[in-house]
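Containing mmCIF, C-alpha atoms and all ligand atoms: start_1.cif.
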data_upload
#
loop_
_atom_site.label_atom_id
_atom_site.label_comp_id
_atom_site.auth_asym_id
_atom_site.auth_seq_id
_atom_site.Cartn_x
_atom_site.Cartn_y
_atom_site.Cartn_z
CA MET A 1 49.64 -19.94 -44.19
CA PHE A 2 47.39 -19.80 -41.19
CA LEU A 3 44.12 -20.39 -43.10
CA GLY A 4 45.73 -23.02 -45.33
CA GLY A 5 45.64 -25.63 -42.55
CA PHE A 6 41.84 -25.29 -42.31
CA LEU A 7 41.39 -25.77 -46.06
CA ASP A 8 43.24 -29.12 -46.03
CA PRO A 9 40.65 -31.80 -47.12
CA THR A 10 41.43 -34.17 -44.21
CA VAL A 11 41.07 -31.37 -41.67
CA LEU A 12 37.85 -30.30 -43.40
CA ILE A 13 36.43 -33.85 -43.29
CA GLN A 14 37.40 -34.20 -39.63
CA GLY A 15 35.68 -30.90 -38.93
CA VAL A 16 32.51 -31.95 -40.74
CA ILE A 17 32.48 -35.32 -38.90
CA LEU A 18 32.97 -33.54 -35.60
CA ALA A 19 30.14 -31.16 -36.38
CA LEU A 20 27.86 -34.06 -37.41
CA LEU A 21 28.75 -35.92 -34.21
CA LEU A 22 27.89 -32.85 -32.18
CA ILE A 23 24.53 -32.53 -33.95
CA LEU A 24 23.89 -36.26 -33.39
CA ALA A 25 24.78 -35.96 -29.69
CA GLU A 26 22.50 -32.96 -29.34
CA TRP A 27 19.66 -34.81 -31.10
CA LEU A 28 20.15 -37.94 -28.96
CA LEU A 29 20.12 -35.84 -25.81
CA HIS A 30 16.92 -34.20 -26.97
CA VAL A 31 15.23 -37.51 -27.86
CA LEU A 32 16.49 -39.33 -24.78
CA GLN A 33 15.29 -36.59 -22.51
CA GLY A 34 11.69 -37.38 -23.45
CA MET A 35 12.37 -41.13 -23.14
CA PHE A 36 14.13 -40.95 -19.80
CA ASP A 37 11.17 -42.34 -17.80
CA TYR A 38 10.79 -45.29 -20.18
CA ILE A 39 14.51 -46.02 -20.09
CA LEU A 40 14.35 -46.07 -16.29
CA ILE A 41 11.44 -48.55 -16.41
CA ILE A 42 13.39 -50.79 -18.81
CA ILE A 43 16.46 -50.58 -16.55
CA GLY A 44 14.17 -51.70 -13.69
CA PHE A 45 13.16 -54.71 -15.78
CA ILE A 46 16.77 -55.51 -16.70
CA ILE A 47 17.77 -55.39 -13.01
CA ALA A 48 14.89 -57.76 -12.19
CA VAL A 49 16.06 -60.18 -14.89
CA ILE A 50 19.68 -59.99 -13.69
CA ILE A 51 18.56 -60.70 -10.11
CA MET A 52 16.60 -63.73 -11.34
CA LEU A 53 19.44 -65.04 -13.50
CA VAL A 54 22.23 -64.51 -10.98
CA SER A 55 20.54 -65.52 -7.73
CA GLY A 56 17.48 -67.37 -8.97
CA LYS A 57 19.15 -70.77 -8.62
CA VAL A 58 20.08 -70.11 -5.00
CA PHE A 59 16.98 -68.31 -3.75
CA ASN A 60 13.45 -69.22 -4.57
CA GLY A 61 10.75 -66.70 -5.45
CA LEU A 62 13.01 -63.96 -6.80
CA GLN A 63 10.41 -63.38 -9.54
CA ILE A 64 9.02 -60.88 -7.11
CA SER A 65 11.74 -58.52 -8.41
CA LEU A 66 9.61 -58.24 -11.59
CA ALA A 67 7.49 -55.81 -9.59
CA LEU A 68 10.42 -53.37 -9.72
CA PRO A 69 9.71 -51.70 -13.11
CA ILE A 70 6.03 -51.29 -12.23
CA LEU A 71 6.96 -49.71 -8.90
CA VAL A 72 9.34 -47.37 -10.77
CA SER A 73 6.56 -46.38 -13.18
CA MET A 74 4.25 -45.51 -10.25
CA PHE A 75 6.49 -42.55 -9.41
CA TYR A 76 5.30 -40.77 -12.56
CA PHE A 77 1.59 -40.91 -11.75
CA ASN A 78 1.04 -41.41 -15.43
CA SER A 79 -1.15 -44.10 -16.95
CA LYS A 80 0.90 -44.41 -20.17
CA ARG A 81 4.03 -45.23 -18.19
CA LEU A 82 2.14 -47.68 -15.98
CA TRP A 83 0.76 -49.55 -19.01
CA PHE A 84 4.23 -49.55 -20.56
CA ALA A 85 5.80 -51.01 -17.39
CA GLY A 86 3.08 -53.68 -16.97
CA LEU A 87 3.20 -54.81 -20.61
CA THR A 88 7.02 -54.67 -20.88
CA THR A 89 7.34 -56.83 -17.78
CA LEU A 90 4.71 -59.30 -18.94
CA ILE A 91 5.95 -59.61 -22.54
CA GLY A 92 9.62 -59.50 -21.49
CA PHE A 93 9.07 -62.26 -18.97
CA ALA A 94 7.16 -64.36 -21.52
CA ILE A 95 10.02 -64.03 -24.06
CA LEU A 96 12.66 -64.84 -21.43
CA TYR A 97 10.63 -67.84 -20.27
CA MET A 98 10.46 -69.19 -23.80
CA LEU A 99 14.10 -68.46 -24.68
CA LEU A 100 16.00 -69.23 -21.47
CA ALA A 101 16.09 -72.68 -19.97
CA THR A 102 17.51 -71.26 -16.71
CA ILE A 103 14.31 -69.32 -16.16
CA ARG A 104 12.14 -72.29 -17.09
CA GLU A 105 14.02 -74.42 -14.55
CA GLN A 106 13.33 -71.87 -11.81
CA VAL A 107 9.65 -71.44 -12.59
CA SER A 108 7.13 -74.26 -12.23
CA LEU A 109 3.70 -73.99 -13.89
CA TYR A 110 2.28 -72.95 -10.58
CA ASP A 111 4.98 -70.23 -10.29
CA LEU A 112 4.28 -69.10 -13.84
CA ILE A 113 0.61 -68.46 -13.08
CA ALA A 114 1.59 -66.75 -9.80
CA VAL A 115 4.13 -64.48 -11.55
CA VAL A 116 1.67 -63.43 -14.28
CA ALA A 117 -1.04 -62.84 -11.67
CA MET A 118 1.42 -60.80 -9.59
CA ILE A 119 2.39 -58.59 -12.55
CA VAL A 120 -1.27 -57.98 -13.43
CA ALA A 121 -2.22 -57.36 -9.79
CA ILE A 122 0.60 -54.88 -9.16
CA SER A 123 -0.27 -53.07 -12.40
CA VAL A 124 -3.92 -52.78 -11.32
CA ILE A 125 -2.87 -51.55 -7.86
CA GLY A 126 -0.56 -49.04 -9.57
CA HIS A 127 -3.49 -47.70 -11.60
CA ALA A 128 -5.70 -47.54 -8.51
CA VAL A 129 -3.02 -45.63 -6.59
CA ARG A 130 -2.67 -43.23 -9.51
CA MET A 131 -6.45 -42.63 -9.71
CA ARG A 132 -6.66 -42.08 -5.96
CA GLY A 133 -3.71 -39.68 -6.11
CA ILE A 134 -5.32 -37.72 -8.93
CA GLU A 135 -8.60 -37.58 -6.99
CA GLN A 136 -6.79 -36.20 -3.93
CA LEU A 137 -4.93 -33.70 -6.08
CA GLN A 138 -8.19 -32.47 -7.62
CA LEU A 139 -9.73 -32.16 -4.16
CA LEU A 140 -6.75 -30.15 -3.02
CA GLU A 141 -6.89 -27.95 -6.13
CA ARG A 142 -10.60 -27.32 -5.58
CA ALA A 143 -10.00 -26.44 -1.92
CA VAL A 144 -7.19 -24.05 -2.83
CA SER A 145 -9.18 -22.37 -5.60
CA SER A 146 -12.31 -21.95 -3.44
CA GLU A 147 -10.13 -20.47 -0.71
CA GLN A 148 -8.68 -18.08 -3.28
CA GLU A 149 -12.16 -17.14 -4.49
CA LEU A 150 -13.25 -16.51 -0.90
CA PHE A 151 -10.22 -14.29 -0.39
CA MET A 152 -10.98 -12.30 -3.56
CA ASP A 153 -14.65 -12.01 -2.56
CA THR A 154 -13.66 -10.67 0.85
CA ILE A 155 -11.37 -8.08 -0.73
CA ALA A 156 -14.07 -7.06 -3.23
CA LEU A 157 -16.68 -6.88 -0.46
CA GLU A 158 -14.39 -4.82 1.73
CA TYR A 159 -13.74 -2.47 -1.20
CA THR A 160 -17.40 -2.09 -2.21
CA SER A 161 -18.50 -1.61 1.41
CA LYS A 162 -16.16 1.39 1.60
CA GLN A 163 -17.31 2.87 -1.71
CA ASP A 164 -20.24 4.94 -2.86
CA HIS A 165 -21.90 3.06 -5.74
CA LEU A 166 -22.76 6.03 -7.95
CA THR A 167 -19.51 7.97 -7.83
CA GLY A 168 -16.89 5.45 -6.76
CA LEU A 169 -15.73 7.83 -4.04
CA TYR A 170 -15.41 6.68 -0.42
CA ASN A 171 -18.71 6.65 1.40
CA HIS A 172 -20.03 8.34 4.55
CA ILE A 173 -18.95 5.57 6.95
CA THR A 174 -15.42 5.39 5.58
CA PHE A 175 -15.14 9.17 5.80
CA HIS A 176 -15.92 9.06 9.53
CA GLU A 177 -13.52 6.18 10.16
CA TYR A 178 -10.77 8.03 8.35
CA LEU A 179 -11.46 11.35 10.07
CA ASP A 180 -11.41 9.64 13.49
CA SER A 181 -7.98 8.18 12.86
CA LEU A 182 -6.61 11.45 11.45
CA ILE A 183 -7.89 13.44 14.44
CA GLN A 184 -6.08 10.97 16.67
CA GLN A 185 -2.90 11.56 14.67
CA HIS A 186 -3.37 15.30 15.05
CA GLU A 187 -3.80 14.96 18.82
CA THR A 188 -0.66 12.81 19.17
CA ASN A 189 1.73 14.28 16.60
CA GLY A 190 0.15 17.60 15.64
CA LEU A 191 -0.57 16.54 12.05
CA PRO A 192 -2.00 19.61 10.23
CA LEU A 193 -5.61 18.83 9.38
CA GLN A 194 -8.41 20.70 7.61
CA LEU A 195 -11.95 19.71 6.72
CA ALA A 196 -13.91 21.06 3.75
CA ILE A 197 -17.60 20.39 3.10
CA ILE A 198 -18.59 20.86 -0.53
CA ASP A 199 -22.22 21.26 -1.57
CA ILE A 200 -23.49 21.63 -5.13
CA ASP A 201 -25.41 24.86 -5.68
CA ASN A 202 -29.02 24.65 -6.84
CA PHE A 203 -28.72 20.98 -7.62
CA LYS A 204 -32.46 20.49 -7.28
CA GLU A 205 -32.81 22.85 -10.22
CA VAL A 206 -30.38 20.72 -12.27
CA ASN A 207 -32.49 17.65 -11.54
CA ASP A 208 -35.75 19.45 -12.25
CA THR A 209 -34.52 20.94 -15.52
CA PHE A 210 -32.42 18.14 -16.98
CA GLY A 211 -33.73 15.04 -15.22
CA HIS A 212 -32.34 12.80 -12.51
CA GLN A 213 -30.14 10.78 -14.87
CA LEU A 214 -28.21 13.81 -16.06
CA GLY A 215 -28.08 14.91 -12.42
CA ASP A 216 -26.32 11.62 -11.67
CA GLU A 217 -23.92 12.28 -14.53
CA VAL A 218 -23.04 15.66 -12.98
CA LEU A 219 -22.37 13.94 -9.65
CA ARG A 220 -20.05 11.46 -11.37
CA LYS A 221 -18.12 14.16 -13.25
CA LEU A 222 -17.66 16.30 -10.16
CA SER A 223 -16.53 13.25 -8.18
CA MET A 224 -13.94 12.43 -10.80
CA LEU A 225 -12.62 15.97 -10.70
CA LEU A 226 -12.51 15.94 -6.88
CA ASN A 227 -10.70 12.63 -6.85
CA THR A 228 -8.06 13.74 -9.31
CA SER A 229 -7.55 17.11 -7.63
CA ILE A 230 -6.39 15.86 -4.25
CA SER A 231 -2.89 14.78 -3.28
CA SER A 232 -2.06 11.39 -1.79
CA ASP A 233 -2.20 12.96 1.71
CA ASP A 234 -5.84 13.93 1.25
CA PHE A 235 -9.15 12.14 1.26
CA VAL A 236 -12.43 12.82 -0.49
CA ALA A 237 -15.79 11.19 0.13
CA ARG A 238 -19.39 11.49 -0.99
CA TYR A 239 -20.93 12.48 2.30
CA GLY A 240 -24.48 12.10 1.00
CA GLY A 241 -26.75 13.32 -1.81
CA GLU A 242 -24.92 16.23 -3.47
CA GLU A 243 -22.53 16.86 -0.60
CA PHE A 244 -18.86 15.90 -0.51
CA THR A 245 -16.26 16.07 2.23
CA MET A 246 -12.57 16.59 1.79
CA ILE A 247 -9.92 16.04 4.45
CA LEU A 248 -6.58 17.71 3.87
CA THR A 249 -3.49 16.77 5.84
CA GLY A 250 0.14 17.82 6.11
CA LYS A 251 -0.46 21.25 4.59
CA SER A 252 -0.67 24.79 5.92
CA GLN A 253 -4.09 26.44 6.05
CA GLU A 254 -3.15 28.66 3.09
CA GLN A 255 -1.98 25.73 0.96
CA SER A 256 -5.15 23.78 1.67
CA LEU A 257 -7.40 26.75 1.02
CA LEU A 258 -5.67 27.40 -2.29
CA MET A 259 -6.13 23.78 -3.30
CA VAL A 260 -9.79 23.59 -2.28
CA ASP A 261 -10.72 26.90 -3.87
CA GLY A 262 -8.90 25.80 -7.01
CA VAL A 263 -11.22 22.78 -7.14
CA ARG A 264 -14.25 25.10 -6.78
CA GLU A 265 -12.98 27.20 -9.67
CA ARG A 266 -12.34 24.19 -11.90
CA ILE A 267 -15.85 22.84 -11.24
CA ALA A 268 -17.35 26.19 -12.31
CA ASN A 269 -15.36 25.92 -15.54
CA ILE A 270 -16.56 22.44 -16.55
CA ASP A 271 -18.44 22.61 -19.82
CA PHE A 272 -21.49 20.36 -19.42
CA THR A 273 -22.48 19.94 -23.07
CA GLU A 274 -25.16 17.46 -22.02
CA LEU A 275 -26.75 20.24 -19.92
CA GLY A 276 -26.69 22.74 -22.79
CA HIS A 277 -23.55 24.38 -21.32
CA HIS A 278 -25.30 24.96 -18.01
CA ILE A 279 -22.77 26.02 -15.36
CA VAL A 280 -22.64 23.94 -12.18
CA THR A 281 -21.08 25.52 -9.12
CA VAL A 282 -20.35 24.47 -5.56
CA SER A 283 -20.13 26.21 -2.19
CA ILE A 284 -17.51 25.18 0.33
CA GLY A 285 -17.16 25.57 4.10
CA MET A 286 -13.71 24.91 5.44
CA THR A 287 -12.06 24.87 8.83
CA ASP A 288 -8.83 23.89 10.53
CA TYR A 289 -8.64 21.29 13.28
CA VAL A 290 -7.52 22.72 16.63
CA ASN A 291 -6.22 20.50 19.42
CA GLY A 292 -8.95 19.09 21.64
CA MET A 293 -11.72 20.34 19.37
CA GLY A 294 -13.27 16.97 18.60
CA LYS A 295 -14.94 15.74 15.44
CA ASP A 296 -18.43 17.13 16.06
CA LEU A 297 -17.28 20.72 16.56
CA LEU A 298 -14.99 20.48 13.54
CA PHE A 299 -17.94 19.38 11.45
CA GLN A 300 -20.31 22.00 12.88
CA LYS A 301 -17.85 24.79 12.14
CA ALA A 302 -17.31 23.68 8.53
CA ASP A 303 -21.06 23.28 8.06
CA ALA A 304 -21.75 26.78 9.45
CA LEU A 305 -19.16 28.19 7.03
CA LEU A 306 -20.82 26.36 4.15
CA TYR A 307 -24.13 27.89 5.19
CA GLN A 308 -22.52 31.34 5.16
CA ALA A 309 -21.13 30.69 1.66
CA LYS A 310 -24.66 29.86 0.49
CA LEU A 311 -26.06 33.00 2.12
CA LEU A 312 -23.40 35.16 0.55
CA GLY A 313 -24.43 34.05 -2.94
CA LYS A 314 -22.95 30.53 -3.48
CA ASN A 315 -20.00 29.50 -5.70
CA ARG A 316 -17.53 30.49 -3.01
CA THR A 317 -15.24 29.01 -0.34
CA MET A 318 -15.59 30.23 3.23
CA ALA A 319 -12.80 29.40 5.69
CA ASP A 320 -12.57 30.78 9.23
CA PHE A 321 -8.81 31.19 8.90
CA ASP A 322 -9.09 33.02 5.57
CA LYS A 323 -7.61 36.52 5.72
CA GLU A 324 -9.67 37.64 2.74
CA SER A 325 -12.70 36.22 4.63
CA THR A 326 -14.15 34.69 1.47
CA HIS A 327 -12.90 33.16 -1.79
CA GLY A 328 -14.96 33.16 -4.91
CA TYR A 329 -17.63 35.37 -6.39
P1 LIG A 401 -28.38 24.65 -2.48
O1 LIG A 401 -27.70 25.54 -3.43
O2 LIG A 401 -28.99 25.44 -1.34
O3 LIG A 401 -27.58 23.54 -2.00
O4 LIG A 401 -29.63 24.06 -3.26
P2 LIG A 401 -29.84 22.59 -3.71
O5 LIG A 401 -30.93 22.57 -4.72
O6 LIG A 401 -28.58 21.98 -4.13
O7 LIG A 401 -30.21 21.91 -2.36
P3 LIG A 401 -31.34 20.94 -1.93
O8 LIG A 401 -30.92 20.33 -0.65
O9 LIG A 401 -32.67 21.69 -1.92
O10 LIG A 401 -31.40 19.84 -3.04
C1 LIG A 401 -30.49 18.83 -3.13
C2 LIG A 401 -30.91 17.99 -4.29
O11 LIG A 401 -29.97 16.99 -4.56
C3 LIG A 401 -32.23 17.31 -4.04
C4 LIG A 401 -32.03 15.90 -4.53
O12 LIG A 401 -32.99 15.53 -5.46
C5 LIG A 401 -30.69 15.96 -5.22
N1 LIG A 401 -29.97 14.70 -5.05
C6 LIG A 401 -29.52 14.11 -3.94
N2 LIG A 401 -28.93 12.93 -4.20
C7 LIG A 401 -29.00 12.77 -5.55
C8 LIG A 401 -28.57 11.73 -6.45
O13 LIG A 401 -27.98 10.71 -6.06
N3 LIG A 401 -28.81 11.92 -7.77
C9 LIG A 401 -29.44 13.03 -8.23
N4 LIG A 401 -29.62 13.15 -9.54
N5 LIG A 401 -29.87 13.98 -7.42
C10 LIG A 401 -29.67 13.87 -6.10
MG MG A 402 -27.12 19.74 0.25
MG MG A 403 -26.97 21.83 -2.76
#

Since I need it in another form, could you write the structure as structure tokens?
Amino acid sequence: MFLGGFLDPTVLIQGVILALLLILAEWLLHVLQGMFDYILIIIGFIIAVIIMLVSGKVFNGLQISLALPILVSMFYFNSKRLWFAGLTTLIGFAILYMLLATIREQVSLYDLIAVVAMIVAISVIGHAVRMRGIEQLQLLERAVSSEQELFMDTIALEYTSKQDHLTGLYNHITFHEYLDSLIQQHETNGLPLQLAIIDIDNFKEVNDTFGHQLGDEVLRKLSMLLNTSISSDDFVARYGGEEFTMILTGKSQEQSLLMVDGVRERIANIDFTELGHHIVTVSIGMTDYVNGMGKDLLFQKADALLYQAKLLGKNRTMADFDKESTHGY
């Protein structure tokens, strides 16, 4: 039957031999791969010997071809291979000199010394070239890595110069830069733009009651909440002390107001266990950018609205476009 052919002992033996041959071939390939450089050096030596044997009688001084394997080994920039090439050439030449009369006829005593000196000299030069190459490579590596470090430092510096150290939010300067560019975008393409100024209520009292360190902790927590409450179109910064600014873009006045007042509400609901469940609130003044208004007026209007929110009892959002006139308590 079909399987019967495979169970035949001769076919089985052939199969096993074939499999063993395949394994052997695979193993040889694996071993030879690692030896490839050495084989190439030996081939260089064999070529040199062939040149000497074939043409040595006609042309004088062909012993120079013994430099070939050493030159081959220099390609690898590896001291083991250089030593191997130098010693193989030297020992190989010595054996050939002793065994083959043809070689002895070509090489006088003077030539013999010259050939040995040449092999040694070329080996030494090979090592020197390798050392010099490694030195240059290290120099290059150092230059590249210091350039990389400089690049990383510049990025880190740029990042930290834009950030407020305590809260990690953008700082005052960055806020102004950003607002300038957004106002320009509003003037050219009518990008909807609102500014909110957020001020913590009675923060002095928090500091006085719980200490400056816990006050800092409150600033950090509020900053985190502000940062996670905005969308990717918006921007929040620590304007100074316990004041924050928020720029909202691409949204209607109502959408922005809803978002900002939602933040106010969430802040009032934070449970500060470290402050004995003391409630921290904020007041917010908010206004919409109108064409040609300019940054100063925008800021003044938002600030005046914040002042009103404080006067009206704090923990509220005041926006001049708000139909309910005030949000909050
Ligand atoms: P209001 O409701 O009117 O805003 O009252 P307030 O107490 O918040 O306002 P005031 O301007 O009188 O006080 C602000 C306080 O913020 C005073 C200052 O010590 C505190 N403050 C400013 N920067 C920091 C800071 O980095 N860390 C801490 N812990 N406190 C700060
Ligand atoms: Mg203040
Ligand atoms: Mg305050």

For each of A:Lys204, A:Lys301, A:Arg220, A:His172, take the minimum atom-to-atom distance to ligand MG 403 (chain A), counting all atoms listed in the file, then give the residue where this is smallest.
->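 For ligand MG 403 (chain A), the nearest of the candidates is A:Lys204.
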
Counting only C-alpha atoms, which of A:Val115, A:Tyr110, A:Ala94, A:Ile13 gets nearest to A:Ser65?
-> A:Val115

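Closest approach to ligand LIG 401 (chain A) among A:Glu254, A:Asp234, A:Glu158, A:Asp164 is made by A:Asp164 (distances from only C-alpha atoms and all ligand atoms).
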
Near-A:Asn227 list (9 Å; all atoms listed in the file; drop same-chain fewer than 5 positions) as a VMD selection string | chain A and resid 169 222 235 to 237

May I ask you to write as number ranges by chain all residues lying at most 12 Å from ligand MG 402 (chain A), with all atoms listed in the file counted?
-> A: 197-204, 238-245, 282-284, 303, 306-307, 310

Find the distance between atom CA of A:Ala114 and atom CA of A:Tyr97 and write it in Å to one decimal.
->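 Distance reported for this atom pair: 13.9 Å.
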
Using only C-alpha atoms, which residue out of A:Ala196, A:Met152, A:Ile113, A:Ile125 lies closest to A:Val263?
->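 Smallest distance to A:Val263 is found for A:Ala196.
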
Which residue, A:Asn207, A:Ser223, A:Thr88, A:Thr287, has the smallest gap to ligand MG 403 (chain A) when you use all atoms listed in the file?
-> A:Asn207

Around all of stretch 8-18 of chain A's listed atoms, make the axis-aligned box with 5 Å on each side and tell me centre and edge lengths in Å to one decimal, as AutoDock Vina command-line options.
--center_x 37.9 --center_y -32.2 --center_z -41.4 --size_x 20.8 --size_y 16.2 --size_z 21.5

Identify which of the residues A:Val206, A:Ile119, A:Ala101, A:Leu193 lies closest to A:Asp233, counting all atoms listed in the file when measuring atom-to-atom distances.
->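 The answer is A:Leu193, which sits nearest to A:Asp233.
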
Could you please determine the separation between atom CA of A:Asn78 and atom CA of A:Ser145 in Å, to one decimal place?
->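 These two atoms are separated by 23.7 Å.
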
What does the distance from atom C7 of ligand LIG 401 (chain A) to atom CA of A:Asp208 come to in Å, to one decimal?
->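 Separation between atom C7 of ligand LIG 401 (chain A) and atom CA of A:Asp208: 11.6 Å.
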
Write out as a PyMOL selection string the residues lying within 12 Å of A:Met259, counting all atoms listed in the file and excluding same-chain residues fewer than 6 positions away.
-> chain A and resi 194+196+226+228-231+234+246-249+251-253+265-266+286+317+327

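Those residues positioned at most 12 Å from (11.4, -47.4, -7.8) are A:Asp37, A:Leu40, A:Ile41, A:Ile42, A:Ile43, A:Gly44, A:Phe45, A:Ile47, A:Ala48, A:Ser65, A:Leu66, A:Ala67, A:Leu68, A:Pro69, A:Ile70, A:Leu71, A:Val72, A:Ser73, A:Met74, A:Phe75, A:Tyr76, A:Ala85, judged using all atoms listed in the file.
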
Rebuild stretch 75-100 of chain A to N, CA and C atoms - output it as a tab-separated table (two decimals), in the coordinates of the input, please.
chain	number	residue	atom	x	y	z
A	75	PHE	N	5.99	-43.87	-9.82
A	75	PHE	CA	6.49	-42.55	-9.41
A	75	PHE	C	5.96	-41.44	-10.31
A	76	TYR	N	5.66	-41.81	-11.59
A	76	TYR	CA	5.30	-40.77	-12.56
A	76	TYR	C	3.83	-40.40	-12.53
A	77	PHE	N	3.01	-41.20	-11.84
A	77	PHE	CA	1.59	-40.91	-11.75
A	77	PHE	C	0.96	-40.75	-13.12
A	78	ASN	N	1.45	-41.58	-14.05
A	78	ASN	CA	1.04	-41.41	-15.43
A	78	ASN	C	0.61	-42.75	-15.98
A	79	SER	N	-0.61	-42.80	-16.56
A	79	SER	CA	-1.15	-44.10	-16.95
A	79	SER	C	-0.37	-44.73	-18.11
A	80	LYS	N	0.14	-43.88	-19.03
A	80	LYS	CA	0.90	-44.41	-20.17
A	80	LYS	C	2.13	-45.18	-19.69
A	81	ARG	N	2.82	-44.60	-18.71
A	81	ARG	CA	4.03	-45.23	-18.19
A	81	ARG	C	3.71	-46.51	-17.42
A	82	LEU	N	2.56	-46.48	-16.72
A	82	LEU	CA	2.14	-47.68	-15.98
A	82	LEU	C	1.82	-48.83	-16.93
A	83	TRP	N	1.07	-48.53	-18.00
A	83	TRP	CA	0.76	-49.55	-19.01
A	83	TRP	C	2.04	-50.10	-19.62
A	84	PHE	N	2.95	-49.17	-19.95
A	84	PHE	CA	4.23	-49.55	-20.56
A	84	PHE	C	4.98	-50.52	-19.65
A	85	ALA	N	5.06	-50.17	-18.35
A	85	ALA	CA	5.80	-51.01	-17.39
A	85	ALA	C	5.15	-52.39	-17.27
A	86	GLY	N	3.82	-52.41	-17.13
A	86	GLY	CA	3.08	-53.68	-16.97
A	86	GLY	C	3.29	-54.59	-18.17
A	87	LEU	N	3.10	-54.00	-19.38
A	87	LEU	CA	3.20	-54.81	-20.61
A	87	LEU	C	4.64	-55.24	-20.88
A	88	THR	N	5.60	-54.32	-20.67
A	88	THR	CA	7.02	-54.67	-20.88
A	88	THR	C	7.40	-55.85	-19.99
A	89	THR	N	6.99	-55.76	-18.72
A	89	THR	CA	7.34	-56.83	-17.78
A	89	THR	C	6.72	-58.16	-18.21
A	90	LEU	N	5.43	-58.07	-18.57
A	90	LEU	CA	4.71	-59.30	-18.94
A	90	LEU	C	5.29	-59.93	-20.21
A	91	ILE	N	5.44	-59.10	-21.26
A	91	ILE	CA	5.95	-59.61	-22.54
A	91	ILE	C	7.41	-60.04	-22.40
A	92	GLY	N	8.20	-59.19	-21.70
A	92	GLY	CA	9.62	-59.50	-21.49
A	92	GLY	C	9.79	-60.80	-20.76
A	93	PHE	N	8.97	-61.01	-19.73
A	93	PHE	CA	9.07	-62.26	-18.97
A	93	PHE	C	8.67	-63.45	-19.84
A	94	ALA	N	7.61	-63.26	-20.64
A	94	ALA	CA	7.16	-64.36	-21.52
A	94	ALA	C	8.26	-64.75	-22.50
A	95	ILE	N	8.94	-63.75	-23.09
A	95	ILE	CA	10.02	-64.03	-24.06
A	95	ILE	C	11.17	-64.75	-23.36
A	96	LEU	N	11.55	-64.22	-22.17
A	96	LEU	CA	12.66	-64.84	-21.43
A	96	LEU	C	12.33	-66.28	-21.06
A	97	TYR	N	11.07	-66.50	-20.68
A	97	TYR	CA	10.63	-67.84	-20.27
A	97	TYR	C	10.76	-68.81	-21.44
A	98	MET	N	10.39	-68.32	-22.62
A	98	MET	CA	10.46	-69.19	-23.80
A	98	MET	C	11.90	-69.41	-24.26
A	99	LEU	N	12.74	-68.38	-24.14
A	99	LEU	CA	14.10	-68.46	-24.68
A	99	LEU	C	15.09	-69.10	-23.72
A	100	LEU	N	14.95	-68.81	-22.41
A	100	LEU	CA	16.00	-69.23	-21.47
A	100	LEU	C	15.57	-70.43	-20.61
